[in-house]
Structures are given as structure tokens and as C-alpha cells.
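Novice: Below you will find the structure I want to go over with you.
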Amino acid sequence: METEEKPKEAEPLGEDAEKGDTESTSHSDGAAEATTQDSSISNGDDDDDDDDRERVDLKIIWNKNKYDLKIPVDSTGATLKEKIHSLTGLPPSMQKVMYKGLLPEDKTLREIKITNGAKIMVVGSTINDVLAVNTPKETIQQEVKAEEDKKEPLCRQKQHRKVLDKGKPDDILPAIKGTKERLPTVPLSGMFNKSGGKVRLTFKLEQDQLWLGTKERTEKVPMGSIKNVVSEPIEGHEDYHMMAFQLGPTEASQYWVYWVPTQFVDAIKDTVLGKWQYF
């Protein structure tokens with residue numbers, strides 16, 4: 001007598017199918033995971049450092065610290081300040097950035113002719129520190145200006161006339177009236193000091209110092225210690241100025257320099273005092 005067969009053989013097929021589905025799902029998940037990992041790796045390097053723009057390697061010097069920075073050569077001075085902010089935490093508005101004089105924000109590094117390995121000097125401090133240090137300076141500047149308004153022109157005063165009456169030095173740098181230039185890469189020389197001797201100005205930006213050099217000696221003055229800088233055109237020679245660096249709290253500490261070419265006057269003041277001190 002024949003017995004009815006039960007469809008037991010179909011069960012392994014179901015198990016195999018389930019295993020197949022599991023393996024398929026596993027492979028699919030693995031592929032998705034691999035795809036996700038690959039995508040993560042590629043996105044990790046999705047930075048503007050991978051573009052083809054020409055770059056320069058700079059050495060940023062601030063507060064006795066040195067930072068390496070690689071930046072597109074067509075970046076502006078303002079962009080450089082933002083990069084310096086990222087490196088140092090110093091806000092752009094508080095930075096005095098110098099490369100052969102005060103760095104212009106609206107020009108590119110290419111236009112300024114910054115090259116690989118250039119050293120960029122940064123001077124700046126916190127708002128609280130700047131206010132604490134510079135409030136006396138601003139007061140001094142206001143007092144000096146008020147006194148100047150009451151006095152006759154500086155170039156007519158006896159102490160200055162004895163120097164100016166010597167005439168313009170033969171080896172003085174040419175002056176260009178009506179223009180403003182950045183500081184030259186060489187010292188400003190050929191000028192007179194209050195004794196009538198030759199003096200040269202050397203701006204050591206890395207040390208944040210102004211060197212006042214004569215035949216006898218060189219005085220190295222920290223720019224931060226200079227309280228004020230005043231200047232006035234020389235009558236009859238308005239393309240040259242007489243300029244004083246106030247090294248102490250009173251006018252008695254002024255160091256006078258005569259026959260400064262007018263195109264460098266603003267650059268000297270900006271470099272020594274810095275635009276960042278005004279609010």
C-alpha cells in the first residue's frame with residue numbers, strides 16, 4: 001500500500017534561499033559600507049590645497065613665535081590676515097602685518113612681490129592690552145597737536161633753523177611730492193639729526209625696532225616704546241619733511257630728523273605707530 005509523500009525536500013531550498021538572501025544582503029551592506037568609506041576618504045582631502053593655484057611658503061613671526069603658512073600668491077593682504085587669524089587667534093583688525101613696510105590689504109601677494117620663504121612680521125595684542133597701552137599715547141598725541149597749533153611753524157624755530165640753514169644734503173634720497181610709497185628695502189640715509197650730523201633710519205621689522213644710525217653709533221629703539229611721531233613740511237622745500245620720534249613722555253625726548261622725503265612720511269608713521277592703534 002503506497003503512502004503519501006510529504007514535501008520535506010522543499011525545506012532545504014527555503015533555508016538555502018534565506019541564506020542566499022542573507023549573504024546577498026551582507027554583500028550589499030558591505031559594498032555600501034565600502035562605498036561610504038571610500039567617499040569619506042576622498043572628502044577628507046577635499047580642500048583648496050589640491051587646486052593648481054601657484055602658492056608661496058611664508059614664515060609668520062608673531063610674539064616670538066614662528067608659523068609656517070602656504071597660501072596662493074594671488075591672495076590679498078586681507079586674506080593673509082584671515083590666515084594669520086587662524087594660526088594665531090589674533091583678529092585681523094588688531095594685526096599690524098609688515099613686509100618691507102605695512103602690508104596693504106587690497107593688493108595681492110604677487111603685486112607686493114612676496115616670494116617663497118619670505119618672513120612676515122606681525123605685531124598685535126588683545127583689545128584690552130592695546131587700550132591699556134595706547135590710551136596714554138593718544139593723550140600725548142592730542143596734547144602735542146594742541147601745542148603745535150599754538151606755536152609758529154617748526155621750521156622757523158631757532159633750534160631747527162640752525163640745521164635747516166645748512167641746506168639740503170647732497171646725498172639725500174630724491175623726493176616725490178604728492179605720492180605715498182612703502183618703505184624702501186634699504187635704510188633711509190643722507191638726512192641730518194639735530195646736531196647737523198648725518199643720520200640713517202633702518203626699520204628692523206623682525207625685531208620690531210627702529211635703528212637710528214650715525215657715524216658714531218647706532219641706537220636700537222623698540223617701536224613699541226616710541227610714544228609719537230610728528231612731522232612738518234620744510235618751508236620752501238615742501239617735498240621734504242622734518243620729523244621727530246618721541247622716545248619718552250615729554251617733547252624733550254624727541255629725536256629730530258631733517259630732510260625726510262615726503263613720499264615715505266606716512267609709511268614711517270604707520271610702521272612705527274601702526275594703524276591698528278586707532279579706534
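Lettering and numbering for the C-alpha cells are positional, with chains as A, B, ... in the shown order, residues counted from 1 in each chain, and ligands counted from 1 in the shown order.
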Please produce, as a Markdown table, a per-residue contact table for stretch 155-226 of chain A versus stretch 231-248 of chain A (criterion: any atom at most 10 Å away, only C-alpha atoms considered), showing the nearest atom pair and its distance in Å to one decimal, sorted by chain then residue number.
Specialist:
```
| residue | atom | partner | partner_atom | distance |
| --- | --- | --- | --- | --- |
| A:Cys155 | CA | A:Ile234 | CA | 6.1 |
| A:Arg156 | CA | A:Glu235 | CA | 8.5 |
| A:His160 | CA | A:Met242 | CA | 8.9 |
| A:Leu164 | CA | A:Ile234 | CA | 8.5 |
| A:Lys168 | CA | A:His237 | CA | 9.0 |
| A:Leu173 | CA | A:Tyr240 | CA | 9.9 |
| A:Pro174 | CA | A:Asp239 | CA | 9.1 |
| A:Ala175 | CA | A:Asp239 | CA | 5.8 |
| A:Ile176 | CA | A:Asp239 | CA | 6.4 |
| A:Lys177 | CA | A:Asp239 | CA | 5.0 |
| A:Gly178 | CA | A:Asp239 | CA | 8.2 |
| A:Thr179 | CA | A:Asp239 | CA | 9.9 |
| A:Met191 | CA | A:Met242 | CA | 9.6 |
| A:Phe192 | CA | A:Met242 | CA | 9.4 |
| A:Asn193 | CA | A:Met242 | CA | 9.6 |
| A:Lys194 | CA | A:Ala244 | CA | 9.9 |
| A:Val221 | CA | A:Leu247 | CA | 8.3 |
| A:Pro222 | CA | A:Leu247 | CA | 9.5 |
| A:Met223 | CA | A:Leu247 | CA | 9.3 |
| A:Gly224 | CA | A:Leu247 | CA | 9.7 |
| A:Ser225 | CA | A:Leu247 | CA | 6.5 |
| A:Ile226 | CA | A:Leu247 | CA | 4.8 |
```
Novice: Just list the residues in stretch 207-277 of chain A DSSP gives strand (DSSP E) on the backbone, as a VMD selection string.
Specialist: chain A and resid 209 to 213 218 to 222 228 to 234 237 to 246 254 to 261
Novice: Using only C-alpha atoms, determine which residues lie at most 10 Å from A:Ile268, disregarding the query and same-chain residues fewer than 4 positions distant; provide the list as a list of chain:residue names.
Specialist: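 Listed by chain and then number, they are A:Gly101, A:Leu102, A:Glu181, A:Arg182, A:Leu183, A:Leu201, A:Phe203, A:Val229, A:Met243, A:Val260, A:Gln263, A:Phe264, A:Val272, A:Leu273, A:Gly274.
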Novice: Produce a file of the selected residues containing all heavy atoms, as a tab-separated table (two decimals), in the first residue's frame.
Specialist:
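Generated output (selection_27.tsv):
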```
chain	number	residue	atom	x	y	z
A	101	GLY	N	57.62	97.23	5.13
A	101	GLY	CA	56.64	98.27	5.42
A	101	GLY	C	55.30	97.64	5.75
A	101	GLY	O	55.17	96.42	5.78
A	102	LEU	N	54.31	98.47	6.00
A	102	LEU	CA	53.00	97.96	6.35
A	102	LEU	C	52.35	97.30	5.14
A	102	LEU	O	52.31	97.87	4.05
A	102	LEU	CB	52.12	99.11	6.86
A	102	LEU	CG	50.90	98.71	7.67
A	102	LEU	CD1	51.31	98.07	8.98
A	102	LEU	CD2	50.04	99.94	7.95
A	181	GLU	N	54.61	106.22	-0.81
A	181	GLU	CA	55.29	104.98	-1.15
A	181	GLU	C	55.55	104.16	0.11
A	181	GLU	O	55.62	104.70	1.22
A	181	GLU	CB	56.61	105.25	-1.87
A	181	GLU	CG	56.46	105.91	-3.23
A	181	GLU	CD	57.78	106.05	-3.95
A	181	GLU	OE1	58.80	105.51	-3.44
A	181	GLU	OE2	57.82	106.69	-5.02
A	182	ARG	N	55.69	102.85	-0.09
A	182	ARG	CA	56.08	101.99	1.01
A	182	ARG	C	57.56	102.22	1.32
A	182	ARG	O	58.30	102.79	0.52
A	182	ARG	CB	55.84	100.53	0.64
A	182	ARG	CG	54.39	100.23	0.27
A	182	ARG	CD	54.23	98.82	-0.25
A	182	ARG	NE	54.56	97.86	0.77
A	182	ARG	CZ	54.94	96.61	0.53
A	182	ARG	NH1	55.06	96.19	-0.71
A	182	ARG	NH2	55.20	95.77	1.51
A	183	LEU	N	57.97	101.77	2.48
A	183	LEU	CA	59.37	101.94	2.86
A	183	LEU	C	60.27	101.18	1.90
A	183	LEU	O	59.95	100.07	1.47
A	183	LEU	CB	59.61	101.41	4.28
A	183	LEU	CG	58.95	102.20	5.41
A	183	LEU	CD1	59.22	101.51	6.74
A	183	LEU	CD2	59.48	103.63	5.46
A	201	LEU	N	67.89	105.93	8.90
A	201	LEU	CA	66.82	105.18	9.57
A	201	LEU	C	66.75	103.79	8.99
A	201	LEU	O	66.58	103.62	7.77
A	201	LEU	CB	65.47	105.89	9.39
A	201	LEU	CG	65.38	107.35	9.82
A	201	LEU	CD1	63.98	107.89	9.55
A	201	LEU	CD2	65.74	107.50	11.29
A	203	PHE	N	64.66	100.16	9.46
A	203	PHE	CA	63.49	99.56	10.08
A	203	PHE	C	63.68	98.05	10.15
A	203	PHE	O	63.60	97.35	9.13
A	203	PHE	CB	62.23	99.93	9.29
A	203	PHE	CG	61.95	101.40	9.30
A	203	PHE	CD1	62.51	102.24	8.35
A	203	PHE	CD2	61.16	101.96	10.29
A	203	PHE	CE1	62.28	103.60	8.37
A	203	PHE	CE2	60.92	103.33	10.33
A	203	PHE	CZ	61.48	104.15	9.36
A	229	VAL	N	55.00	110.22	16.68
A	229	VAL	CA	55.82	110.66	15.54
A	229	VAL	C	55.14	111.89	14.96
A	229	VAL	O	53.97	111.85	14.59
A	229	VAL	CB	55.94	109.57	14.46
A	229	VAL	CG1	56.79	110.08	13.30
A	229	VAL	CG2	56.53	108.29	15.04
A	243	MET	N	61.07	115.56	10.93
A	243	MET	CA	60.30	114.54	11.65
A	243	MET	C	60.93	114.28	13.01
A	243	MET	O	62.17	114.25	13.14
A	243	MET	CB	60.24	113.25	10.82
A	243	MET	CG	59.53	112.09	11.49
A	243	MET	SD	59.41	110.64	10.39
A	243	MET	CE	58.17	111.20	9.24
A	260	VAL	N	63.46	114.44	5.40
A	260	VAL	CA	62.84	113.14	5.13
A	260	VAL	C	62.00	113.27	3.86
A	260	VAL	O	61.11	114.13	3.79
A	260	VAL	CB	61.93	112.69	6.30
A	260	VAL	CG1	61.27	111.35	5.98
A	260	VAL	CG2	62.72	112.62	7.59
A	263	GLN	N	57.41	111.26	0.32
A	263	GLN	CA	56.66	110.06	-0.07
A	263	GLN	C	56.75	108.93	0.95
A	263	GLN	O	55.97	107.99	0.91
A	263	GLN	CB	57.14	109.55	-1.44
A	263	GLN	CG	58.54	108.98	-1.48
A	263	GLN	CD	59.58	110.02	-1.87
A	263	GLN	OE1	59.39	111.21	-1.63
A	263	GLN	NE2	60.67	109.58	-2.47
A	264	PHE	N	57.70	109.05	1.90
A	264	PHE	CA	57.88	108.00	2.89
A	264	PHE	C	57.30	108.37	4.27
A	264	PHE	O	57.33	107.54	5.19
A	264	PHE	CB	59.36	107.64	3.06
A	264	PHE	CG	60.02	107.13	1.81
A	264	PHE	CD1	61.15	107.74	1.30
A	264	PHE	CD2	59.48	106.04	1.12
A	264	PHE	CE1	61.75	107.27	0.14
A	264	PHE	CE2	60.07	105.57	-0.03
A	264	PHE	CZ	61.21	106.19	-0.53
A	272	VAL	N	55.87	102.64	12.49
A	272	VAL	CA	56.28	102.84	13.88
A	272	VAL	C	55.10	102.76	14.83
A	272	VAL	O	55.14	102.05	15.85
A	272	VAL	CB	57.00	104.19	14.04
A	272	VAL	CG1	57.28	104.47	15.52
A	272	VAL	CG2	58.31	104.18	13.26
A	273	LEU	N	54.03	103.48	14.51
A	273	LEU	CA	52.87	103.54	15.41
A	273	LEU	C	51.84	102.49	15.10
A	273	LEU	O	51.21	101.94	15.99
A	273	LEU	CB	52.23	104.93	15.35
A	273	LEU	CG	53.12	106.11	15.77
A	273	LEU	CD1	52.39	107.42	15.56
A	273	LEU	CD2	53.54	105.96	17.22
A	274	GLY	N	51.66	102.21	13.80
A	274	GLY	CA	50.69	101.20	13.39
A	274	GLY	C	49.28	101.74	13.33
A	274	GLY	O	48.80	102.40	14.26
```
Novice: For each of A:Ser93, A:Leu210, A:Asp68, A:Lys166, take the minimum atom-to-atom distance to A:Ala118, counting only C-alpha atoms, then give the residue where this is smallest.
Specialist: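 Residue with the minimum atom-to-atom distance to A:Ala118: A:Asp68.
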Novice: So what do you get for atom CA of A:Leu205 versus atom CA of A:Lys66, distance-wise?
Specialist: 14.1 Å
Novice: Counting only C-alpha atoms, which residue out of A:Val265, A:Val122, A:Ile112, A:Leu69 sits closest to A:Met94?
Specialist: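 Residue with the minimum atom-to-atom distance to A:Met94: A:Val122.
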Novice: Find the residue from A:Val257, A:Ile84, A:Leu188, A:Leu212 that sits nearest to A:Lys96; use only C-alpha atoms when measuring.
Specialist: A:Ile84
